[in-house]
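> Pasting model-v5.pdb here (PDB, C-alpha atoms, pLDDT in the B column):
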MODEL        1
ATOM      1  CA  MET A   1      38.211  26.179  17.559  1.00 46.00           C
ATOM      2  CA  THR A   2      37.799  27.207  13.924  1.00 47.00           C
ATOM      3  CA  PRO A   3      36.979  24.467  11.384  1.00 46.00           C
ATOM      4  CA  GLU A   4      39.611  23.360   8.894  1.00 51.00           C
ATOM      5  CA  PRO A   5      40.147  25.907   6.098  1.00 49.00           C
ATOM      6  CA  ASN A   6      38.714  24.961   2.716  1.00 45.00           C
ATOM      7  CA  ALA A   7      41.159  26.881   0.541  1.00 48.00           C
ATOM      8  CA  ARG A   8      44.919  26.562   0.259  1.00 55.00           C
ATOM      9  CA  PRO A   9      47.528  27.136  -2.436  1.00 60.00           C
ATOM     10  CA  ALA A  10      47.583  24.158  -4.817  1.00 67.00           C
ATOM     11  CA  ASP A  11      51.269  23.193  -4.735  1.00 89.00           C
ATOM     12  CA  PRO A  12      53.845  23.185  -1.923  1.00 96.00           C
ATOM     13  CA  PRO A  13      56.387  26.013  -1.926  1.00 97.00           C
ATOM     14  CA  GLY A  14      59.991  25.315  -2.840  1.00 98.00           C
ATOM     15  CA  ALA A  15      61.183  26.300   0.641  1.00 98.00           C
ATOM     16  CA  CYS A  16      60.139  27.979   3.894  1.00 98.00           C
ATOM     17  CA  LEU A  17      61.531  30.901   5.857  1.00 99.00           C
ATOM     18  CA  VAL A  18      60.613  30.618   9.552  1.00 98.00           C
ATOM     19  CA  LEU A  19      60.805  33.743  11.734  1.00 98.00           C
ATOM     20  CA  HIS A  20      60.937  33.882  15.542  1.00 98.00           C
ATOM     21  CA  GLY A  21      59.646  36.521  17.934  1.00 97.00           C
ATOM     22  CA  LEU A  22      61.160  39.370  19.929  1.00 95.00           C
ATOM     23  CA  GLY A  23      63.754  38.044  22.352  1.00 93.00           C
ATOM     24  CA  GLY A  24      63.080  34.527  21.082  1.00 93.00           C
ATOM     25  CA  GLY A  25      64.637  31.888  18.886  1.00 95.00           C
ATOM     26  CA  ARG A  26      64.095  28.485  17.304  1.00 95.00           C
ATOM     27  CA  HIS A  27      62.831  27.004  20.585  1.00 94.00           C
ATOM     28  CA  GLU A  28      59.572  28.897  19.963  1.00 96.00           C
ATOM     29  CA  PHE A  29      58.653  26.559  17.113  1.00 96.00           C
ATOM     30  CA  ALA A  30      60.954  23.524  17.376  1.00 96.00           C
ATOM     31  CA  PRO A  31      58.092  21.048  16.623  1.00 96.00           C
ATOM     32  CA  LEU A  32      57.343  22.977  13.430  1.00 98.00           C
ATOM     33  CA  LEU A  33      60.960  22.775  12.290  1.00 98.00           C
ATOM     34  CA  ASP A  34      60.881  19.029  12.976  1.00 98.00           C
ATOM     35  CA  ALA A  35      57.728  18.735  10.854  1.00 97.00           C
ATOM     36  CA  LEU A  36      59.330  20.623   7.961  1.00 98.00           C
ATOM     37  CA  SER A  37      62.410  18.410   8.165  1.00 98.00           C
ATOM     38  CA  SER A  38      60.284  15.249   8.204  1.00 97.00           C
ATOM     39  CA  ALA A  39      58.432  16.443   5.104  1.00 97.00           C
ATOM     40  CA  GLY A  40      61.715  17.125   3.281  1.00 97.00           C
ATOM     41  CA  MET A  41      60.937  20.844   3.066  1.00 98.00           C
ATOM     42  CA  PRO A  42      64.041  23.065   2.778  1.00 98.00           C
ATOM     43  CA  PHE A  43      63.940  25.917   5.279  1.00 98.00           C
ATOM     44  CA  GLU A  44      65.938  28.572   7.051  1.00 98.00           C
ATOM     45  CA  ALA A  45      65.171  29.852  10.547  1.00 98.00           C
ATOM     46  CA  PRO A  46      67.613  32.743  11.038  1.00 98.00           C
ATOM     47  CA  ILE A  47      68.440  34.198  14.437  1.00 97.00           C
ATOM     48  CA  TYR A  48      68.229  37.995  14.402  1.00 98.00           C
ATOM     49  CA  PRO A  49      71.001  40.339  15.540  1.00 96.00           C
ATOM     50  CA  GLY A  50      70.778  40.869  19.295  1.00 94.00           C
ATOM     51  CA  HIS A  51      69.171  37.457  19.767  1.00 95.00           C
ATOM     52  CA  GLU A  52      72.194  35.177  19.457  1.00 90.00           C
ATOM     53  CA  GLY A  53      72.862  34.859  23.203  1.00 82.00           C
ATOM     54  CA  PRO A  54      74.251  34.043  25.636  1.00 83.00           C
ATOM     55  CA  GLY A  55      72.280  35.929  28.264  1.00 78.00           C
ATOM     56  CA  PRO A  56      71.209  36.903  30.773  1.00 89.00           C
ATOM     57  CA  HIS A  57      70.473  40.329  29.260  1.00 91.00           C
ATOM     58  CA  MET A  58      69.125  40.801  25.748  1.00 91.00           C
ATOM     59  CA  PRO A  59      71.380  43.191  23.767  1.00 93.00           C
ATOM     60  CA  ARG A  60      70.073  46.247  21.978  1.00 93.00           C
ATOM     61  CA  SER A  61      68.988  45.729  18.366  1.00 95.00           C
ATOM     62  CA  THR A  62      66.366  47.165  16.013  1.00 97.00           C
ATOM     63  CA  TRP A  63      63.954  45.874  13.398  1.00 98.00           C
ATOM     64  CA  PRO A  64      65.968  47.106  10.357  1.00 98.00           C
ATOM     65  CA  GLU A  65      68.850  44.919  11.571  1.00 98.00           C
ATOM     66  CA  TRP A  66      66.520  41.932  11.960  1.00 98.00           C
ATOM     67  CA  PHE A  67      64.964  42.575   8.571  1.00 98.00           C
ATOM     68  CA  GLY A  68      68.359  42.714   6.847  1.00 98.00           C
ATOM     69  CA  VAL A  69      69.083  39.139   7.960  1.00 98.00           C
ATOM     70  CA  ILE A  70      65.571  38.029   6.985  1.00 98.00           C
ATOM     71  CA  ARG A  71      65.760  39.550   3.508  1.00 98.00           C
ATOM     72  CA  SER A  72      69.126  37.881   2.887  1.00 98.00           C
ATOM     73  CA  SER A  73      67.685  34.495   3.897  1.00 98.00           C
ATOM     74  CA  PHE A  74      64.630  34.997   1.692  1.00 98.00           C
ATOM     75  CA  ASP A  75      66.723  35.955  -1.336  1.00 98.00           C
ATOM     76  CA  ARG A  76      69.007  32.954  -0.812  1.00 98.00           C
ATOM     77  CA  LEU A  77      66.080  30.535  -0.549  1.00 98.00           C
ATOM     78  CA  GLN A  78      64.371  32.048  -3.575  1.00 98.00           C
ATOM     79  CA  HIS A  79      67.552  31.727  -5.645  1.00 98.00           C
ATOM     80  CA  ARG A  80      67.974  28.069  -4.666  1.00 98.00           C
ATOM     81  CA  HIS A  81      64.384  26.841  -4.527  1.00 98.00           C
ATOM     82  CA  GLY A  82      62.103  29.272  -6.370  1.00 96.00           C
ATOM     83  CA  SER A  83      58.909  29.910  -4.410  1.00 97.00           C
ATOM     84  CA  VAL A  84      59.273  30.660  -0.685  1.00 98.00           C
ATOM     85  CA  ALA A  85      56.596  30.520   2.004  1.00 98.00           C
ATOM     86  CA  VAL A  86      57.179  32.616   5.108  1.00 98.00           C
ATOM     87  CA  ILE A  87      56.076  31.417   8.549  1.00 98.00           C
ATOM     88  CA  GLY A  88      56.202  34.068  11.255  1.00 98.00           C
ATOM     89  CA  PHE A  89      55.586  33.891  14.995  1.00 98.00           C
ATOM     90  CA  SER A  90      54.708  37.033  16.995  1.00 98.00           C
ATOM     91  CA  THR A  91      57.149  39.789  15.941  1.00 98.00           C
ATOM     92  CA  GLY A  92      58.289  37.310  13.287  1.00 98.00           C
ATOM     93  CA  GLY A  93      54.755  37.626  11.907  1.00 98.00           C
ATOM     94  CA  THR A  94      55.091  41.407  11.760  1.00 98.00           C
ATOM     95  CA  LEU A  95      58.420  41.023   9.953  1.00 98.00           C
ATOM     96  CA  ALA A  96      56.866  38.461   7.585  1.00 98.00           C
ATOM     97  CA  LEU A  97      54.151  40.948   6.651  1.00 98.00           C
ATOM     98  CA  HIS A  98      56.739  43.667   6.041  1.00 98.00           C
ATOM     99  CA  LEU A  99      58.637  41.275   3.777  1.00 98.00           C
ATOM    100  CA  ALA A 100      55.475  40.325   1.871  1.00 98.00           C
ATOM    101  CA  ALA A 101      54.781  44.007   1.160  1.00 98.00           C
ATOM    102  CA  SER A 102      57.877  44.210  -1.057  1.00 96.00           C
ATOM    103  CA  ALA A 103      58.985  40.653  -1.928  1.00 98.00           C
ATOM    104  CA  PRO A 104      57.287  37.842  -3.916  1.00 98.00           C
ATOM    105  CA  VAL A 105      56.309  35.737  -0.901  1.00 98.00           C
ATOM    106  CA  ASP A 106      54.482  32.586  -2.062  1.00 97.00           C
ATOM    107  CA  ARG A 107      52.275  32.406   1.044  1.00 98.00           C
ATOM    108  CA  LEU A 108      52.189  33.537   4.679  1.00 98.00           C
ATOM    109  CA  ALA A 109      51.515  31.457   7.787  1.00 98.00           C
ATOM    110  CA  LEU A 110      51.300  33.722  10.829  1.00 98.00           C
ATOM    111  CA  MET A 111      51.158  32.462  14.404  1.00 98.00           C
ATOM    112  CA  ALA A 112      49.980  35.075  16.932  1.00 98.00           C
ATOM    113  CA  PRO A 113      51.180  37.998  14.770  1.00 98.00           C
ATOM    114  CA  PHE A 114      52.306  40.975  16.860  1.00 97.00           C
ATOM    115  CA  LEU A 115      50.007  43.807  15.795  1.00 95.00           C
ATOM    116  CA  ALA A 116      48.635  44.938  19.164  1.00 91.00           C
ATOM    117  CA  ILE A 117      49.836  44.526  22.760  1.00 89.00           C
ATOM    118  CA  ARG A 118      47.564  42.792  25.219  1.00 78.00           C
ATOM    119  CA  HIS A 119      46.669  45.502  27.718  1.00 59.00           C
ATOM    120  CA  ARG A 120      48.794  45.170  30.806  1.00 57.00           C
ATOM    121  CA  TRP A 121      50.031  48.099  32.839  1.00 42.00           C
ATOM    122  CA  TYR A 122      53.551  49.178  33.796  1.00 43.00           C
ATOM    123  CA  TYR A 123      53.955  51.769  36.512  1.00 42.00           C
ATOM    124  CA  GLY A 124      50.332  52.778  36.008  1.00 46.00           C
ATOM    125  CA  VAL A 125      50.439  53.315  32.223  1.00 44.00           C
ATOM    126  CA  ARG A 126      49.585  51.177  29.207  1.00 51.00           C
ATOM    127  CA  PRO A 127      52.560  49.230  27.765  1.00 53.00           C
ATOM    128  CA  GLU A 128      52.833  51.078  24.451  1.00 57.00           C
ATOM    129  CA  VAL A 129      52.752  54.413  26.309  1.00 52.00           C
ATOM    130  CA  TYR A 130      55.253  53.137  28.878  1.00 48.00           C
ATOM    131  CA  LEU A 131      57.727  52.161  26.130  1.00 55.00           C
ATOM    132  CA  GLY A 132      57.709  55.668  24.709  1.00 56.00           C
ATOM    133  CA  THR A 133      57.738  57.629  27.975  1.00 52.00           C
ATOM    134  CA  ILE A 134      58.770  56.229  31.373  1.00 46.00           C
ATOM    135  CA  GLY A 135      60.434  53.237  29.733  1.00 48.00           C
ATOM    136  CA  ARG A 136      63.025  55.449  28.038  1.00 57.00           C
ATOM    137  CA  ALA A 137      64.703  55.848  31.422  1.00 50.00           C
ATOM    138  CA  PHE A 138      65.422  52.107  31.573  1.00 62.00           C
ATOM    139  CA  ARG A 139      67.545  49.819  29.416  1.00 68.00           C
ATOM    140  CA  ARG A 140      65.740  46.592  30.164  1.00 77.00           C
ATOM    141  CA  LEU A 141      62.631  45.026  31.648  1.00 78.00           C
ATOM    142  CA  PRO A 142      62.508  41.715  33.571  1.00 81.00           C
ATOM    143  CA  ARG A 143      61.130  38.925  31.462  1.00 81.00           C
ATOM    144  CA  ARG A 144      57.829  37.414  32.582  1.00 80.00           C
ATOM    145  CA  PRO A 145      57.401  33.604  32.631  1.00 84.00           C
ATOM    146  CA  SER A 146      57.003  32.048  29.190  1.00 89.00           C
ATOM    147  CA  ALA A 147      53.497  32.395  27.780  1.00 93.00           C
ATOM    148  CA  VAL A 148      52.671  28.670  27.711  1.00 95.00           C
ATOM    149  CA  SER A 149      49.449  27.490  29.340  1.00 95.00           C
ATOM    150  CA  ASP A 150      50.760  24.046  30.282  1.00 89.00           C
ATOM    151  CA  ARG A 151      52.950  24.241  33.407  1.00 89.00           C
ATOM    152  CA  LEU A 152      55.290  21.375  32.501  1.00 90.00           C
ATOM    153  CA  LEU A 153      55.749  22.611  28.942  1.00 89.00           C
ATOM    154  CA  ARG A 154      56.440  26.080  30.337  1.00 92.00           C
ATOM    155  CA  LYS A 155      59.305  24.713  32.419  1.00 91.00           C
ATOM    156  CA  GLU A 156      60.804  23.036  29.348  1.00 90.00           C
ATOM    157  CA  VAL A 157      60.664  26.291  27.379  1.00 90.00           C
ATOM    158  CA  GLU A 158      62.160  28.286  30.269  1.00 91.00           C
ATOM    159  CA  ARG A 159      65.288  26.133  30.163  1.00 89.00           C
ATOM    160  CA  LEU A 160      65.856  27.089  26.515  1.00 88.00           C
ATOM    161  CA  ILE A 161      65.506  30.882  26.830  1.00 87.00           C
ATOM    162  CA  PRO A 162      68.889  32.676  26.874  1.00 85.00           C
ATOM    163  CA  PHE A 163      67.638  36.057  28.126  1.00 88.00           C
ATOM    164  CA  ARG A 164      66.084  36.981  31.479  1.00 88.00           C
ATOM    165  CA  THR A 165      65.361  40.568  30.416  1.00 91.00           C
ATOM    166  CA  PHE A 166      63.934  42.356  27.372  1.00 86.00           C
ATOM    167  CA  ASN A 167      65.895  45.215  25.873  1.00 91.00           C
ATOM    168  CA  LEU A 168      63.490  48.156  25.782  1.00 91.00           C
ATOM    169  CA  ASP A 169      65.079  49.743  22.699  1.00 91.00           C
ATOM    170  CA  ALA A 170      64.386  46.490  20.841  1.00 93.00           C
ATOM    171  CA  ALA A 171      60.821  46.424  22.174  1.00 91.00           C
ATOM    172  CA  ARG A 172      60.246  50.035  21.055  1.00 91.00           C
ATOM    173  CA  SER A 173      61.597  49.139  17.627  1.00 95.00           C
ATOM    174  CA  ALA A 174      59.163  46.214  17.336  1.00 95.00           C
ATOM    175  CA  VAL A 175      56.265  48.529  18.181  1.00 93.00           C
ATOM    176  CA  ALA A 176      57.498  51.058  15.596  1.00 94.00           C
ATOM    177  CA  LEU A 177      57.440  48.288  12.976  1.00 97.00           C
ATOM    178  CA  ILE A 178      53.773  47.605  13.763  1.00 95.00           C
ATOM    179  CA  ARG A 179      52.881  51.152  12.736  1.00 95.00           C
ATOM    180  CA  ILE A 180      54.680  50.703   9.410  1.00 97.00           C
ATOM    181  CA  VAL A 181      53.138  47.312   8.704  1.00 98.00           C
ATOM    182  CA  ARG A 182      49.597  48.474   9.423  1.00 97.00           C
ATOM    183  CA  ASP A 183      49.893  50.853   6.472  1.00 98.00           C
ATOM    184  CA  GLU A 184      51.345  48.086   4.264  1.00 98.00           C
ATOM    185  CA  VAL A 185      48.778  45.373   4.983  1.00 98.00           C
ATOM    186  CA  PRO A 186      46.161  46.408   2.367  1.00 98.00           C
ATOM    187  CA  ARG A 187      48.626  45.872  -0.479  1.00 97.00           C
ATOM    188  CA  ILE A 188      49.698  42.395   0.659  1.00 98.00           C
ATOM    189  CA  THR A 189      47.976  39.788  -1.524  1.00 97.00           C
ATOM    190  CA  ALA A 190      49.784  36.520  -0.700  1.00 97.00           C
ATOM    191  CA  PRO A 191      47.600  33.604   0.461  1.00 97.00           C
ATOM    192  CA  THR A 192      47.584  33.851   4.246  1.00 98.00           C
ATOM    193  CA  LEU A 193      46.871  31.612   7.218  1.00 98.00           C
ATOM    194  CA  ILE A 194      46.533  33.285  10.625  1.00 98.00           C
ATOM    195  CA  VAL A 195      46.507  31.193  13.815  1.00 98.00           C
ATOM    196  CA  GLN A 196      45.600  32.998  17.044  1.00 98.00           C
ATOM    197  CA  SER A 197      44.617  32.002  20.571  1.00 98.00           C
ATOM    198  CA  ARG A 198      41.899  33.883  22.368  1.00 97.00           C
ATOM    199  CA  ARG A 199      43.871  33.319  25.605  1.00 96.00           C
ATOM    200  CA  ASP A 200      47.071  34.962  24.333  1.00 96.00           C
ATOM    201  CA  ALA A 201      48.632  36.942  27.195  1.00 92.00           C
ATOM    202  CA  ILE A 202      51.159  38.815  25.034  1.00 92.00           C
ATOM    203  CA  VAL A 203      49.506  40.020  21.825  1.00 94.00           C
ATOM    204  CA  ASP A 204      45.930  41.224  21.703  1.00 94.00           C
ATOM    205  CA  PRO A 205      43.811  38.794  19.630  1.00 96.00           C
ATOM    206  CA  VAL A 206      42.060  41.792  18.101  1.00 95.00           C
ATOM    207  CA  GLY A 207      45.184  42.238  15.968  1.00 96.00           C
ATOM    208  CA  ALA A 208      44.590  38.929  14.186  1.00 97.00           C
ATOM    209  CA  GLN A 209      40.996  39.872  13.493  1.00 97.00           C
ATOM    210  CA  TRP A 210      42.049  43.288  12.212  1.00 97.00           C
ATOM    211  CA  LEU A 211      44.589  41.658   9.918  1.00 98.00           C
ATOM    212  CA  ASP A 212      42.027  39.246   8.494  1.00 97.00           C
ATOM    213  CA  HIS A 213      39.752  42.194   7.671  1.00 97.00           C
ATOM    214  CA  HIS A 214      42.415  44.460   6.142  1.00 98.00           C
ATOM    215  CA  LEU A 215      44.721  42.198   4.133  1.00 98.00           C
ATOM    216  CA  GLY A 216      44.628  42.725   0.376  1.00 98.00           C
ATOM    217  CA  THR A 217      44.543  38.932   0.006  1.00 97.00           C
ATOM    218  CA  PRO A 218      41.269  37.727  -1.571  1.00 96.00           C
ATOM    219  CA  ALA A 219      38.857  36.224   0.961  1.00 95.00           C
ATOM    220  CA  ALA A 220      39.156  32.764  -0.610  1.00 94.00           C
ATOM    221  CA  ASP A 221      42.924  32.804  -0.010  1.00 96.00           C
ATOM    222  CA  ARG A 222      43.025  33.818   3.645  1.00 96.00           C
ATOM    223  CA  HIS A 223      41.888  32.023   6.752  1.00 97.00           C
ATOM    224  CA  LEU A 224      41.844  32.861  10.448  1.00 98.00           C
ATOM    225  CA  VAL A 225      42.041  29.926  12.875  1.00 98.00           C
ATOM    226  CA  TRP A 226      41.062  30.530  16.498  1.00 98.00           C
ATOM    227  CA  LEU A 227      42.403  28.448  19.385  1.00 98.00           C
ATOM    228  CA  ASP A 228      40.919  28.341  22.882  1.00 97.00           C
ATOM    229  CA  ARG A 229      43.422  26.640  25.224  1.00 97.00           C
ATOM    230  CA  SER A 230      46.880  27.882  24.234  1.00 97.00           C
ATOM    231  CA  ASP A 231      48.760  30.970  25.358  1.00 96.00           C
ATOM    232  CA  HIS A 232      51.172  32.883  23.110  1.00 97.00           C
ATOM    233  CA  LEU A 233      53.716  30.201  22.111  1.00 97.00           C
ATOM    234  CA  LEU A 234      51.297  28.339  19.879  1.00 97.00           C
ATOM    235  CA  ALA A 235      53.743  25.927  18.247  1.00 97.00           C
ATOM    236  CA  VAL A 236      54.849  24.419  21.569  1.00 96.00           C
ATOM    237  CA  ASP A 237      51.715  24.755  23.720  1.00 97.00           C
ATOM    238  CA  VAL A 238      48.870  22.302  24.340  1.00 96.00           C
ATOM    239  CA  GLU A 239      47.282  22.766  20.887  1.00 97.00           C
ATOM    240  CA  ARG A 240      50.541  22.464  18.946  1.00 97.00           C
ATOM    241  CA  GLU A 241      49.316  19.446  16.965  1.00 97.00           C
ATOM    242  CA  THR A 242      46.354  21.495  15.749  1.00 97.00           C
ATOM    243  CA  VAL A 243      48.683  24.356  14.821  1.00 98.00           C
ATOM    244  CA  LEU A 244      51.018  22.027  12.944  1.00 98.00           C
ATOM    245  CA  ARG A 245      48.140  20.345  11.127  1.00 97.00           C
ATOM    246  CA  HIS A 246      46.828  23.672   9.858  1.00 97.00           C
ATOM    247  CA  ILE A 247      50.271  24.832   8.747  1.00 97.00           C
ATOM    248  CA  ARG A 248      51.152  21.538   7.048  1.00 97.00           C
ATOM    249  CA  ARG A 249      47.870  21.570   5.178  1.00 96.00           C
ATOM    250  CA  PHE A 250      48.330  25.206   4.184  1.00 97.00           C
ATOM    251  CA  LEU A 251      51.816  24.404   2.870  1.00 97.00           C
ATOM    252  CA  GLY A 252      50.533  21.349   1.015  1.00 96.00           C
ATOM    253  CA  ILE A 253      52.799  18.925   2.893  1.00 94.00           C
ATOM    254  CA  GLY A 254      50.284  17.045   4.997  1.00 78.00           C
TER     255      GLY A 254
ENDMDL
END
Show me the file's structure as structure tokens.


Amino acid sequence: MTPEPNARPADPPGACLVLHGLGGGRHEFAPLLDALSSAGMPFEAPIYPGHEGPGPHMPRSTWPEWFGVIRSSFDRLQHRHGSVAVIGFSTGGTLALHLAASAPVDRLALMAPFLAIRHRWYYGVRPEVYLGTIGRAFRRLPRRPSAVSDRLLRKEVERLIPFRTFNLDAARSAVALIRIVRDEVPRITAPTLIVQSRRDAIVDPVGAQWLDHHLGTPAADRHLVWLDRSDHLLAVDVERETVLRHIRRFLGIG
């Protein structure tokens, strides 16, 4: 595990915008929302179009629709509270980066940002190739078990998930956003914390390392924290207290 970061923004933000992942929701970071509430930190955690439920099948939606809701929440928080930190998980991290490329984000805390797919194979092809070729013949893909390393915690998360399938149009849209964000990253200068597990079964950890090397943020204002026991859902998995400690410290609230 990476040592505690030395640098952080001096003062807490006025509010936080917390962004979930593809096919996800607030259950992906419920302990984090509890921590923000306990610290008296105003926040919004919007649910994107196509993610409202109920299931069992995830509806079609695209990243511009998700981003429209996110930008509205950011503007509302900024109007009410001034500075706004953005916390993004997985595809929420990709969306947070896209927001920071054009909006005055006070700081970024990114948990397992979705910048590269962990190499698994579908019907004999890599996932990103599958989405753009064979996958176009299908509307949905069965959802794999939740990416939580602890078996009991995984069962708890499974009970909270509304969808049993992923919509492939939504998945293709998330991958398309990655390509846009990769070009935007060098001009993002907000202080940034990245938390990534080496055991992540969903996103390739190389994406976090790439981000740390290519952000326009000065080296003193960015930090990459590596975890060794968690899977993808960092804020609810076995190292969640470590994740929360890093984020609280980065926000200046603990």

> Using only C-alpha atoms, which protein or nucleic acid residues come within 12 Å of Ser72 in chain A? Drop anything in the same chain fewer than 4 positions from it, and give the result as a PyMOL selection string.

chain A and resi 17+44-46+48+65-68+76-79+99+103

> In terms of the shortest atom-to-atom distance over only C-alpha atoms, which of A:Ser102, A:Asn167, A:Ser197, A:Ser37 is closest to Cys16 in chain A?

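Among the listed residues, A:Ser37 lies closest to Cys16 in chain A.
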
> From the list A:Ala201, A:Ile178, A:Leu251, A:Ala147, which residue is nearest Ala96 in chain A when using all atoms listed in the file?

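Checking each candidate against Ala96 in chain A, we get A:Ile178 as the closest.
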
> For Arg140 in chain A, which of A:Leu97, A:Met58, A:Arg172, A:Thr192 is the closest residue, counting only C-alpha atoms?

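Comparing A:Leu97, A:Met58, A:Arg172, A:Thr192 against Arg140 in chain A, the winner is A:Met58.
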
> Considering all atoms listed in the file, state which residue in the set A:Arg60, A:Lys155, A:Leu108, A:Glu241 is at the smallest distance from His223 in chain A.

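The shortest atom-to-atom distance to His223 in chain A comes from A:Leu108.
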
> Run through the PyMOL selection byres ((chain A and resi 163) around 10) on the given coordinates and return the selected residues as a ChimeraX atom specification.

/A:23-24,51-59,142-143,158,160-162,164-167

> Could you please determine the separation between CA of Ala220 in chain A and CA of Ile70 in chain A in Å, to one decimal place?

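Distance reported for this atom pair: 28.0 Å.
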
> For Arg198 in chain A, please output as a list in words all residues within 7 Å (counting only C-alpha atoms; exclusion window: fewer than 3 positions along the same chain).

Pro205, Trp226, Leu227 and Asp228 of chain A

> Given all atoms listed in the file as the basis, pick out the residue of A:Leu32, A:Glu184, A:Ser61, A:Ala208 nearest to Thr242 in chain A.

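Checking each of A:Leu32, A:Glu184, A:Ser61, A:Ala208 against Thr242 in chain A, counting all atoms listed in the file, the winner is A:Leu32.
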
> Have a look at CA of Val181 in chain A and CA of Leu215 in chain A and let me know their distance in Å, one decimal.

10.9 Å

> Please evaluate the PyMOL selection byres ((chain A and resi 194) around 8) against the displayed coordinates and give the resulting residues as JSON, numbers by chain.

{"A": [109, 110, 111, 112, 113, 192, 193, 195, 196, 208, 212, 222, 223, 224, 225]}

> Nearest residue to Leu141 in chain A out of A:Ala30, A:Ala171, A:Val18, A:Leu153, using all atoms listed in the file?

A:Ala171

> State, in Å with one decimal place, the distance from CA of Pro13 in chain A to CA of Val203 in chain A.

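Computing it gives 28.4 Å between the two atoms.
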